[in-house]
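Structure file run_35.tsv; described as TSV, C-alpha atoms.
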```tsv
chain	number	residue	atom	x	y	z
A	117	MET	CA	-31.52	12.52	-16.73
A	118	THR	CA	-30.36	11.81	-13.16
A	119	GLN	CA	-33.92	12.32	-11.96
A	120	GLU	CA	-34.57	8.80	-13.18
A	121	LEU	CA	-32.12	7.44	-10.58
A	122	ALA	CA	-33.74	6.38	-7.34
A	123	THR	CA	-32.06	3.48	-5.50
A	124	ILE	CA	-28.60	2.71	-4.16
A	125	ILE	CA	-28.09	0.24	-6.99
A	126	ASP	CA	-29.14	2.88	-9.52
A	127	PHE	CA	-26.47	5.28	-8.31
A	128	ILE	CA	-23.76	2.63	-8.14
A	129	ARG	CA	-24.53	1.61	-11.71
A	130	TYR	CA	-24.67	5.24	-12.83
A	131	GLY	CA	-21.35	6.05	-11.17
A	132	ALA	CA	-19.64	3.04	-12.74
A	133	SER	CA	-21.01	4.01	-16.16
A	134	ARG	CA	-19.80	7.61	-15.76
A	135	PHE	CA	-16.36	6.41	-14.70
A	136	GLY	CA	-16.10	4.02	-17.63
A	137	ALA	CA	-17.29	6.59	-20.16
A	138	ALA	CA	-14.77	9.14	-18.84
A	139	GLY	CA	-11.89	6.72	-19.33
A	140	LEU	CA	-10.76	6.95	-15.72
A	141	THR	CA	-7.82	4.91	-14.49
A	142	PHE	CA	-8.30	2.46	-11.63
A	143	GLY	CA	-5.74	0.89	-9.34
A	144	HIS	CA	-5.92	2.92	-6.15
A	145	SER	CA	-7.40	0.26	-3.86
A	146	TYR	CA	-9.82	-0.86	-6.60
A	147	ASP	CA	-9.16	-2.14	-10.10
A	148	ASN	CA	-12.55	-1.48	-11.69
A	149	ALA	CA	-15.27	1.16	-12.02
A	150	LEU	CA	-18.00	-0.80	-10.25
A	151	ASP	CA	-16.04	-1.29	-7.02
A	152	GLU	CA	-14.99	2.37	-7.00
A	153	ALA	CA	-18.58	3.50	-7.51
A	154	THR	CA	-19.76	1.20	-4.71
A	155	HIS	CA	-17.20	2.62	-2.29
A	156	LEU	CA	-18.07	6.19	-3.24
A	157	VAL	CA	-21.86	5.77	-3.01
A	158	LEU	CA	-21.84	3.88	0.29
A	159	HIS	CA	-19.45	6.41	1.81
A	160	ALA	CA	-21.64	9.32	0.73
A	161	LEU	CA	-24.63	7.60	2.34
A	162	HIS	CA	-22.71	6.82	5.57
A	163	LEU	CA	-23.31	3.10	5.04
A	164	PRO	CA	-20.90	0.21	5.77
A	165	HIS	CA	-18.76	-1.09	2.92
A	166	ASP	CA	-20.16	-4.60	3.43
A	167	LEU	CA	-23.80	-3.50	3.26
A	168	SER	CA	-26.18	-6.37	2.54
A	169	PRO	CA	-27.42	-6.46	-1.09
A	170	ALA	CA	-30.92	-6.47	0.42
A	171	TYR	CA	-30.59	-2.70	0.86
A	172	GLY	CA	-29.71	-2.09	-2.77
A	173	GLN	CA	-33.29	-1.12	-3.62
A	174	ALA	CA	-33.46	1.52	-0.88
A	175	HIS	CA	-34.35	4.98	-2.23
A	176	LEU	CA	-32.20	8.05	-1.69
A	177	THR	CA	-33.48	11.33	-0.32
A	178	ALA	CA	-32.98	14.53	-2.31
A	179	ALA	CA	-30.06	15.56	-0.09
A	180	GLU	CA	-28.43	12.13	-0.45
A	181	ARG	CA	-28.81	12.27	-4.23
A	182	GLN	CA	-27.02	15.61	-4.27
A	183	SER	CA	-24.13	14.33	-2.13
A	184	VAL	CA	-23.62	11.22	-4.25
A	185	LEU	CA	-23.80	13.05	-7.58
A	186	ALA	CA	-21.34	15.69	-6.36
A	187	LEU	CA	-18.76	13.01	-5.54
A	188	ILE	CA	-19.31	11.24	-8.86
A	189	ASP	CA	-18.79	14.55	-10.67
A	190	ARG	CA	-15.58	15.24	-8.75
A	191	ARG	CA	-14.19	11.79	-9.57
A	192	VAL	CA	-14.82	12.40	-13.27
A	193	ASP	CA	-13.75	16.06	-13.41
A	194	GLU	CA	-10.70	15.93	-11.15
A	195	HIS	CA	-9.47	12.36	-11.81
A	196	LYS	CA	-8.78	12.22	-8.06
A	197	PRO	CA	-8.67	8.71	-6.56
A	198	VAL	CA	-11.81	7.74	-4.68
A	199	ALA	CA	-9.81	7.21	-1.48
A	200	TYR	CA	-8.83	10.88	-1.49
A	201	LEU	CA	-12.41	11.98	-2.19
A	202	THR	CA	-13.80	9.93	0.69
A	203	GLY	CA	-10.79	10.21	3.01
A	204	GLU	CA	-10.64	6.48	3.57
A	205	ALA	CA	-9.28	3.29	2.04
A	206	TRP	CA	-9.46	-0.39	2.88
A	207	PHE	CA	-6.31	-2.49	3.22
A	208	ALA	CA	-5.91	-6.03	4.55
A	209	GLY	CA	-9.50	-5.94	5.79
A	210	LEU	CA	-8.99	-2.71	7.75
A	211	LYS	CA	-10.10	0.87	7.15
A	212	PHE	CA	-7.44	3.58	7.01
A	213	LYS	CA	-7.50	7.32	6.74
A	214	SER	CA	-6.24	8.37	3.32
A	215	ASP	CA	-5.31	11.76	1.90
A	216	THR	CA	-2.67	13.38	-0.28
A	217	ARG	CA	-0.02	13.27	2.46
A	218	ALA	CA	0.79	9.69	1.39
A	219	LEU	CA	0.04	7.20	-1.36
A	220	VAL	CA	-3.36	5.55	-1.36
A	221	PRO	CA	-3.01	2.27	0.61
A	222	ARG	CA	-2.48	-0.57	-1.87
A	223	SER	CA	-0.10	-3.49	-2.16
A	224	PRO	CA	-0.29	-7.24	-2.78
A	225	ILE	CA	1.46	-7.50	0.59
A	226	ALA	CA	-2.03	-7.20	2.09
A	227	GLU	CA	-2.65	-10.78	0.96
A	228	LEU	CA	0.47	-11.94	2.83
A	229	ILE	CA	-0.64	-10.17	5.99
A	230	GLN	CA	-4.12	-11.69	5.89
A	231	SER	CA	-2.66	-15.17	5.32
A	232	ASN	CA	-0.21	-14.73	8.24
A	233	PHE	CA	2.67	-14.81	5.75
A	234	THR	CA	2.10	-18.51	5.12
A	235	PRO	CA	4.20	-20.43	4.24
A	236	TRP	CA	7.09	-18.01	4.49
A	237	LEU	CA	7.00	-17.43	8.25
A	238	ASP	CA	5.46	-20.74	9.33
A	239	GLU	CA	8.64	-21.98	11.00
A	240	ARG	CA	9.89	-18.60	12.22
A	241	HIS	CA	9.32	-16.68	15.43
A	242	VAL	CA	8.52	-12.99	15.01
A	243	GLU	CA	8.53	-10.49	17.85
A	244	ARG	CA	9.68	-7.31	16.13
A	245	ALA	CA	8.79	-6.14	12.63
A	246	LEU	CA	9.56	-3.02	10.60
A	247	ASP	CA	7.47	-1.35	7.91
A	248	LEU	CA	10.06	0.66	5.98
A	249	CYS	CA	8.83	3.52	3.74
A	250	THR	CA	5.55	3.21	5.63
A	251	GLY	CA	3.60	6.08	4.01
A	252	SER	CA	0.11	5.98	5.54
A	253	GLY	CA	1.26	3.19	7.86
A	254	CYS	CA	-1.12	0.64	6.35
A	255	ILE	CA	1.32	-2.28	6.04
A	256	GLY	CA	2.82	-2.02	9.50
A	257	ILE	CA	-0.46	-1.24	11.24
A	258	ALA	CA	-2.13	-4.17	9.49
A	259	MET	CA	0.73	-6.45	10.57
A	260	ALA	CA	0.21	-5.33	14.16
A	261	ALA	CA	-3.58	-5.69	13.97
A	262	HIS	CA	-3.37	-9.21	12.58
A	263	ASN	CA	-0.54	-10.26	14.92
A	264	PRO	CA	-1.26	-9.06	18.47
A	265	ASP	CA	2.06	-10.42	19.78
A	266	TRP	CA	4.22	-8.33	17.42
A	267	GLN	CA	5.92	-5.03	18.15
A	268	VAL	CA	6.01	-3.01	14.93
A	269	ASP	CA	7.98	0.07	13.90
A	270	LEU	CA	6.86	2.36	11.07
A	271	ALA	CA	9.59	4.40	9.38
A	272	ASP	CA	9.47	7.08	6.68
A	273	ILE	CA	11.32	10.24	5.71
A	274	SER	CA	8.20	12.32	4.97
A	275	ASP	CA	6.82	14.38	7.84
A	276	ASP	CA	3.44	14.53	6.11
A	277	ALA	CA	3.27	10.77	5.71
A	278	LEU	CA	4.35	10.21	9.31
A	279	ALA	CA	1.62	12.53	10.57
A	280	LEU	CA	-0.96	10.49	8.65
A	281	ALA	CA	0.58	7.24	9.91
A	282	ARG	CA	0.24	8.46	13.50
A	283	GLU	CA	-3.43	9.24	12.89
A	284	ASN	CA	-3.93	5.72	11.55
A	285	VAL	CA	-2.13	4.18	14.54
A	286	GLU	CA	-4.60	5.99	16.79
A	287	PHE	CA	-7.52	5.14	14.50
A	288	GLN	CA	-6.71	1.42	14.69
A	289	ASP	CA	-5.87	1.62	18.43
A	290	VAL	CA	-2.48	-0.11	18.14
A	291	GLY	CA	-0.39	2.61	19.77
A	292	GLU	CA	0.87	0.35	22.55
A	293	ARG	CA	2.63	-1.90	20.05
A	294	VAL	CA	3.46	0.43	17.14
A	295	ARG	CA	6.13	3.14	17.01
A	296	VAL	CA	6.31	5.81	14.30
A	297	LEU	CA	9.86	6.89	13.48
A	298	LYS	CA	11.36	9.42	11.07
A	299	SER	CA	14.17	7.85	9.10
A	300	ASP	CA	15.75	8.02	5.65
A	301	LEU	CA	15.49	4.26	5.06
A	302	PHE	CA	17.64	2.80	7.89
A	303	GLY	CA	19.49	6.08	8.56
A	304	SER	CA	17.96	6.75	11.99
A	305	LEU	CA	17.52	3.11	13.00
A	306	LYS	CA	21.05	2.43	14.24
A	307	GLY	CA	21.11	-0.56	16.57
A	308	GLU	CA	17.54	-1.61	15.77
A	309	ARG	CA	17.09	-5.25	14.75
A	310	TYR	CA	14.00	-7.04	13.53
A	311	ASP	CA	12.76	-10.53	12.78
A	312	LEU	CA	10.86	-9.22	9.75
A	313	ILE	CA	11.36	-6.17	7.56
A	314	VAL	CA	8.65	-5.38	5.02
A	315	SER	CA	8.93	-2.50	2.57
A	316	ASN	CA	6.91	-1.05	-0.27
A	317	PRO	CA	9.38	1.66	-1.32
A	318	PRO	CA	9.18	3.95	-4.35
A	319	TYR	CA	9.94	1.93	-7.49
A	320	VAL	CA	8.48	3.83	-10.46
A	321	THR	CA	11.03	4.84	-13.10
A	322	GLU	CA	11.22	8.45	-14.28
A	323	GLN	CA	10.02	7.37	-17.72
A	324	GLU	CA	7.06	5.49	-16.25
A	325	PHE	CA	6.17	8.43	-14.00
A	326	ALA	CA	6.00	10.80	-16.96
A	327	ALA	CA	3.45	8.50	-18.60
A	328	LEU	CA	1.27	7.84	-15.56
A	329	PRO	CA	-2.45	8.69	-15.77
A	330	PRO	CA	-3.60	11.88	-13.98
A	331	GLU	CA	-4.89	9.93	-10.95
A	332	TYR	CA	-1.28	9.41	-9.86
A	333	GLY	CA	-0.57	13.13	-10.08
A	334	HIS	CA	-2.59	13.61	-6.88
A	335	GLU	CA	-0.14	11.41	-4.95
A	336	PRO	CA	3.22	12.64	-3.58
A	337	LYS	CA	5.96	12.03	-6.15
A	338	LEU	CA	8.33	11.26	-3.27
A	339	GLY	CA	6.42	8.03	-2.68
A	340	LEU	CA	6.54	6.90	-6.30
A	341	THR	CA	9.77	7.58	-8.19
A	342	ALA	CA	13.08	5.77	-7.79
A	343	GLY	CA	15.45	6.78	-10.56
A	344	GLU	CA	15.96	5.60	-14.10
A	345	ASP	CA	15.38	1.90	-13.41
A	346	GLY	CA	13.20	2.10	-10.28
A	347	LEU	CA	15.86	0.54	-8.04
A	348	ASP	CA	17.38	3.51	-6.20
A	349	PHE	CA	15.69	2.59	-2.92
A	350	ALA	CA	15.47	-1.18	-3.30
A	351	LEU	CA	19.24	-1.53	-3.70
A	352	ARG	CA	19.92	0.63	-0.64
A	353	ILE	CA	17.48	-1.48	1.35
A	354	LEU	CA	19.16	-4.70	0.23
A	355	ALA	CA	22.58	-3.35	1.16
A	356	ALA	CA	21.67	-2.18	4.66
A	357	ALA	CA	19.08	-4.77	5.69
A	358	PRO	CA	21.49	-7.40	7.14
A	359	ASP	CA	22.57	-4.94	9.84
A	360	HIS	CA	18.94	-4.64	10.97
A	361	LEU	CA	17.80	-8.26	10.74
A	362	ASN	CA	18.19	-10.89	13.41
A	363	GLU	CA	20.06	-14.07	12.46
A	364	ASP	CA	16.93	-15.84	11.18
A	365	GLY	CA	15.36	-12.63	9.88
A	366	VAL	CA	13.49	-12.12	6.63
A	367	LEU	CA	13.26	-9.20	4.22
A	368	ILE	CA	10.19	-8.71	2.00
A	369	VAL	CA	10.19	-5.91	-0.58
A	370	GLU	CA	7.79	-4.86	-3.33
A	371	VAL	CA	9.47	-3.59	-6.51
A	372	GLY	CA	6.60	-4.00	-8.99
A	373	GLU	CA	7.57	-3.66	-12.64
A	374	SER	CA	11.20	-3.05	-11.63
A	375	GLU	CA	11.50	-6.78	-10.95
A	376	ARG	CA	13.17	-7.38	-14.33
A	377	ALA	CA	15.72	-4.63	-13.75
A	378	LEU	CA	16.54	-6.00	-10.29
A	379	VAL	CA	17.10	-9.54	-11.57
A	380	ALA	CA	19.29	-8.20	-14.39
A	381	THR	CA	21.31	-6.12	-11.91
A	382	LEU	CA	21.77	-8.95	-9.38
A	383	PRO	CA	21.45	-12.17	-11.43
A	384	ASN	CA	23.05	-14.40	-8.80
A	385	VAL	CA	20.96	-13.31	-5.83
A	386	PRO	CA	18.35	-16.04	-5.07
A	387	PHE	CA	15.25	-13.84	-4.93
A	388	ASN	CA	12.08	-15.68	-3.91
A	389	TRP	CA	9.36	-14.07	-6.03
A	390	ILE	CA	6.08	-14.55	-4.20
A	391	GLU	CA	3.04	-15.86	-6.05
A	392	PHE	CA	-0.27	-14.24	-5.13
A	393	ASN	CA	-3.82	-15.26	-5.96
A	394	VAL	CA	-3.60	-13.16	-9.12
A	395	GLY	CA	-0.05	-14.25	-9.97
A	396	GLN	CA	3.40	-12.78	-9.46
A	397	MET	CA	3.31	-9.12	-8.40
A	398	GLY	CA	6.93	-8.04	-8.11
A	399	VAL	CA	7.37	-8.86	-4.41
A	400	PHE	CA	10.48	-10.75	-3.30
A	401	LEU	CA	11.61	-12.42	-0.09
A	402	LEU	CA	15.20	-12.97	1.05
A	403	ASP	CA	16.66	-14.52	4.18
A	404	ARG	CA	19.35	-12.61	6.01
A	405	ARG	CA	21.89	-15.33	5.20
A	406	ASP	CA	21.32	-14.80	1.48
A	407	LEU	CA	21.76	-11.06	1.90
A	408	VAL	CA	25.04	-11.65	3.72
A	409	GLU	CA	26.27	-14.20	1.20
A	410	HIS	CA	25.70	-11.81	-1.71
A	411	ALA	CA	26.60	-8.62	0.15
A	412	ALA	CA	29.56	-7.79	-2.10
A	413	ALA	CA	27.48	-7.80	-5.30
A	414	ILE	CA	24.63	-5.93	-3.63
A	415	HIS	CA	26.91	-3.19	-2.25
A	416	LYS	CA	28.64	-2.85	-5.61
A	417	ALA	CA	25.29	-2.34	-7.36
A	418	ALA	CA	24.09	0.12	-4.71
A	419	SER	CA	27.32	2.11	-4.73
A	420	ALA	CA	27.30	2.41	-8.52
A	421	ARG	CA	24.40	4.89	-8.41
A	422	LYS	CA	25.53	7.20	-5.66
```
What would the structure in this file look like if it were written as structure tokens?
Amino acid sequence: MTQELATIIDFIRYGASRFGAAGLTFGHSYDNALDEATHLVLHALHLPHDLSPAYGQAHLTAAERQSVLALIDRRVDEHKPVAYLTGEAWFAGLKFKSDTRALVPRSPIAELIQSNFTPWLDERHVERALDLCTGSGCIGIAMAAHNPDWQVDLADISDDALALARENVEFQDVGERVRVLKSDLFGSLKGERYDLIVSNPPYVTEQEFAALPPEYGHEPKLGLTAGEDGLDFALRILAAAPDHLNEDGVLIVEVGESERALVATLPNVPFNWIEFNVGQMGVFLLDRRDLVEHAAAIHKAASARK
């Protein structure tokens, strides 16, 4: 049957159809079968991700056909995210190395980075920024790449993730402005202060994790789960952040579906829930002064789960 396939477009369409028929789950960089198939096919052919549609009718050689079909089969048989099959993922307009040492790069925070955090940072001066729970390093590295005047620290507790983050720092050539640090949240960052702290910490509940599709089973559990309500890390970040923010500093944290639990736990904290092009995505912003004002309630909530 596959002998009838000839062109790049043929194989992209075929891959998308196979993915849809297999009931695969999307959400690791792409949210649909067609985009995943496009990434996979173009990677297998060593072609740029923004290839002109004019090349869509180009025919594949026998060896190219074999390479593409092998990757399509692996995606269907193994349920492994395309980023892990190709070893690369795109985030905030940049290409990153991606493998099972860290979560596949993905976060609505990419939209904030590409829009220069407008309007949230329009009236603020940023020199130092921190990407906490950095994983592959994609958020912090993208912040540095899009803001050449910023010094950015990347922090994580996982040695595997930090090794991948260092590779991505080198890959994006931002080593002069980006440090990679091992730290259990703020544990090893004593005395460090930032104008901006951005974090995409684990926030999946244990119940949600048990029900996740098999694609997520290829990712490190350490980067996903955060207790019964998904707030184990977010509350610790909220409690400690004031000590690491400058007076006019800002904290931005992604908590995803745990947004409702966070609001119920801290109903009086004035979270700014950021609206993205596709709507609200469980990302909040708080000024340092708000963190200080509500420190008692935040510390009480954080201490209750120790």
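Protein, DNA and RNA residues at most 9 Å from (-16.1, 8.3, -16.6), with all atoms listed in the file, are these: A:Gly131, A:Ala132, A:Ser133, A:Arg134, A:Phe135, A:Gly136, A:Ala137, A:Ala138, A:Gly139, A:Leu140, A:Ala149, A:Ile188, A:Arg191, A:Val192, A:Asp193.
If you measure from each of A:Pro224, A:Gly291, A:Gly251, A:Pro358 to Leu340 of chain A using all atoms listed in the file, the closest one turns out to be A:Gly251.
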Using only C-alpha atoms, can you tell me which of A:Val408, A:Leu228, A:Pro221, A:His144 comes closest to Asp364 of chain A?
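That would be A:Val408, the residue with the smallest distance to Asp364 of chain A.
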Residue contacts of segment 394-400 of chain A (12 Å, all atoms listed in the file) excluding same-chain residues fewer than 3 positions away, as a PyMOL selection string
chain A and resi 223-228+236+313-317+319+350+354+366-379+385-391+403
Just want the 12 Å neighbourhood of Asp289 of chain A, counted on only C-alpha atoms, with same-chain residues fewer than 5 positions away dropped. Output as a ChimeraX atom specification.
/A:210,212,257-258,260-261,264,282-284,294
Residue subset to file, keeping C-alpha atoms, as a compact mmCIF listing (two decimals), keeping the file's coordinate frame:
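The file below, result_35.txt, is the result:
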```txt
# COMPACT_ATOMS: atom_id res chain seq x y z
CA LEU A 210 -8.99 -2.71 7.75
CA PHE A 212 -7.44 3.58 7.01
CA ILE A 257 -0.46 -1.24 11.24
CA ALA A 258 -2.13 -4.17 9.49
CA ALA A 260 0.21 -5.33 14.16
CA ALA A 261 -3.58 -5.69 13.97
CA PRO A 264 -1.26 -9.06 18.47
CA ARG A 282 0.24 8.46 13.50
CA GLU A 283 -3.43 9.24 12.89
CA ASN A 284 -3.93 5.72 11.55
CA VAL A 294 3.46 0.43 17.14
```
Contacts of Leu158 of chain A at 10 Å or less, counting only C-alpha atoms, minus same-chain residues fewer than 6 places along, as a list of chain:residue names?
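Close residues of Leu158 of chain A: A:Ile124, A:Phe127, A:Ile128, A:Pro164, A:His165, A:Asp166, A:Leu167, A:Val184.
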Prev. selection, C-alpha atoms, output as a compact mmCIF listing (two decimals), keeping the file's coordinate frame:
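Result went into again17.txt, see below:
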```
# COMPACT_ATOMS: atom_id res chain seq x y z
CA ILE A 124 -28.60 2.71 -4.16
CA PHE A 127 -26.47 5.28 -8.31
CA ILE A 128 -23.76 2.63 -8.14
CA PRO A 164 -20.90 0.21 5.77
CA HIS A 165 -18.76 -1.09 2.92
CA ASP A 166 -20.16 -4.60 3.43
CA LEU A 167 -23.80 -3.50 3.26
CA VAL A 184 -23.62 11.22 -4.25
```
Given the choices A:His162, A:Arg129, A:His195, A:Arg222, which gets closest to Gly143 of chain A if the distance is worked out from only C-alpha atoms?
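Residue with the minimum atom-to-atom distance to Gly143 of chain A: A:Arg222.
In this model, the gap between atom CA of Arg244 of chain A and atom CA of Asp269 of chain A comes to 7.9 Å.
Atom CA of His262 of chain A lies 17.5 Å from atom CA of Tyr310 of chain A.
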Suppose you want the space between atom CA of Glu308 of chain A and atom CA of Ala355 of chain A; what is it in Å?
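Separation between atom CA of Glu308 of chain A and atom CA of Ala355 of chain A: 15.6 Å.
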Could you tell me which of A:His360, A:Lys298, A:Arg421, A:Lys337 comes closest to Leu312 of chain A if we count all atoms listed in the file?
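Counting all atoms listed in the file, the residue closest to Leu312 of chain A is A:His360.
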Taking all listed atoms of segment 276-294 of chain A, build the axis-aligned box, pad each of the six sides by 4 Å, then write its centre and edge lengths in Å to one decimal as AutoDock Vina command-line options.
```
--center_x -1.6 --center_y 6.3 --center_z 14.1 --size_x 19.9 --size_y 24.4 --size_z 24.8
```
Please, can segment 380-394 of chain A be completed to N, CA, C and O atoms and returned as a PDB file, keeping the file's coordinate frame?
```pdb
ATOM      1  N   ALA A 380      18.184  -8.441 -13.462  1.00  0.00           N
ATOM      2  CA  ALA A 380      19.290  -8.200 -14.390  1.00  0.00           C
ATOM      3  C   ALA A 380      20.493  -7.594 -13.672  1.00  0.00           C
ATOM      4  O   ALA A 380      21.647  -7.882 -14.009  1.00  0.00           O
ATOM      5  N   THR A 381      20.230  -6.766 -12.652  1.00  0.00           N
ATOM      6  CA  THR A 381      21.310  -6.120 -11.910  1.00  0.00           C
ATOM      7  C   THR A 381      22.001  -7.084 -10.962  1.00  0.00           C
ATOM      8  O   THR A 381      23.225  -7.028 -10.782  1.00  0.00           O
ATOM      9  N   LEU A 382      21.219  -7.989 -10.351  1.00  0.00           N
ATOM     10  CA  LEU A 382      21.770  -8.950  -9.380  1.00  0.00           C
ATOM     11  C   LEU A 382      21.356 -10.366  -9.778  1.00  0.00           C
ATOM     12  O   LEU A 382      20.559 -11.016  -9.096  1.00  0.00           O
ATOM     13  N   PRO A 383      21.906 -10.886 -10.896  1.00  0.00           N
ATOM     14  CA  PRO A 383      21.450 -12.170 -11.430  1.00  0.00           C
ATOM     15  C   PRO A 383      21.736 -13.369 -10.541  1.00  0.00           C
ATOM     16  O   PRO A 383      21.073 -14.407 -10.671  1.00  0.00           O
ATOM     17  N   ASN A 384      22.676 -13.254  -9.635  1.00  0.00           N
ATOM     18  CA  ASN A 384      23.050 -14.400  -8.800  1.00  0.00           C
ATOM     19  C   ASN A 384      22.396 -14.412  -7.427  1.00  0.00           C
ATOM     20  O   ASN A 384      22.562 -15.362  -6.664  1.00  0.00           O
ATOM     21  N   VAL A 385      21.649 -13.364  -7.122  1.00  0.00           N
ATOM     22  CA  VAL A 385      20.960 -13.310  -5.830  1.00  0.00           C
ATOM     23  C   VAL A 385      19.688 -14.169  -5.928  1.00  0.00           C
ATOM     24  O   VAL A 385      18.891 -14.006  -6.852  1.00  0.00           O
ATOM     25  N   PRO A 386      19.483 -15.103  -4.989  1.00  0.00           N
ATOM     26  CA  PRO A 386      18.350 -16.040  -5.070  1.00  0.00           C
ATOM     27  C   PRO A 386      17.028 -15.442  -4.580  1.00  0.00           C
ATOM     28  O   PRO A 386      16.450 -15.885  -3.583  1.00  0.00           O
ATOM     29  N   PHE A 387      16.518 -14.460  -5.312  1.00  0.00           N
ATOM     30  CA  PHE A 387      15.250 -13.840  -4.930  1.00  0.00           C
ATOM     31  C   PHE A 387      14.127 -14.883  -4.960  1.00  0.00           C
ATOM     32  O   PHE A 387      14.003 -15.650  -5.914  1.00  0.00           O
ATOM     33  N   ASN A 388      13.316 -14.892  -3.914  1.00  0.00           N
ATOM     34  CA  ASN A 388      12.080 -15.680  -3.910  1.00  0.00           C
ATOM     35  C   ASN A 388      10.947 -14.762  -4.322  1.00  0.00           C
ATOM     36  O   ASN A 388      10.521 -13.903  -3.540  1.00  0.00           O
ATOM     37  N   TRP A 389      10.443 -14.910  -5.544  1.00  0.00           N
ATOM     38  CA  TRP A 389       9.360 -14.070  -6.030  1.00  0.00           C
ATOM     39  C   TRP A 389       8.034 -14.696  -5.644  1.00  0.00           C
ATOM     40  O   TRP A 389       7.715 -15.803  -6.046  1.00  0.00           O
ATOM     41  N   ILE A 390       7.280 -13.995  -4.829  1.00  0.00           N
ATOM     42  CA  ILE A 390       6.080 -14.550  -4.200  1.00  0.00           C
ATOM     43  C   ILE A 390       4.925 -14.590  -5.189  1.00  0.00           C
ATOM     44  O   ILE A 390       4.656 -13.614  -5.887  1.00  0.00           O
ATOM     45  N   GLU A 391       4.238 -15.709  -5.222  1.00  0.00           N
ATOM     46  CA  GLU A 391       3.040 -15.860  -6.050  1.00  0.00           C
ATOM     47  C   GLU A 391       1.807 -15.502  -5.222  1.00  0.00           C
ATOM     48  O   GLU A 391       1.617 -16.009  -4.124  1.00  0.00           O
ATOM     49  N   PHE A 392       0.970 -14.643  -5.782  1.00  0.00           N
ATOM     50  CA  PHE A 392      -0.270 -14.240  -5.130  1.00  0.00           C
ATOM     51  C   PHE A 392      -1.450 -14.887  -5.850  1.00  0.00           C
ATOM     52  O   PHE A 392      -1.276 -15.564  -6.867  1.00  0.00           O
ATOM     53  N   ASN A 393      -2.634 -14.664  -5.343  1.00  0.00           N
ATOM     54  CA  ASN A 393      -3.820 -15.260  -5.960  1.00  0.00           C
ATOM     55  C   ASN A 393      -3.972 -14.848  -7.418  1.00  0.00           C
ATOM     56  O   ASN A 393      -4.542 -15.584  -8.224  1.00  0.00           O
ATOM     57  N   VAL A 394      -3.487 -13.648  -7.743  1.00  0.00           N
ATOM     58  CA  VAL A 394      -3.600 -13.160  -9.120  1.00  0.00           C
ATOM     59  C   VAL A 394      -2.284 -13.307  -9.884  1.00  0.00           C
ATOM     60  O   VAL A 394      -2.145 -12.776 -10.983  1.00  0.00           O
TER      61      VAL A 394
END
```
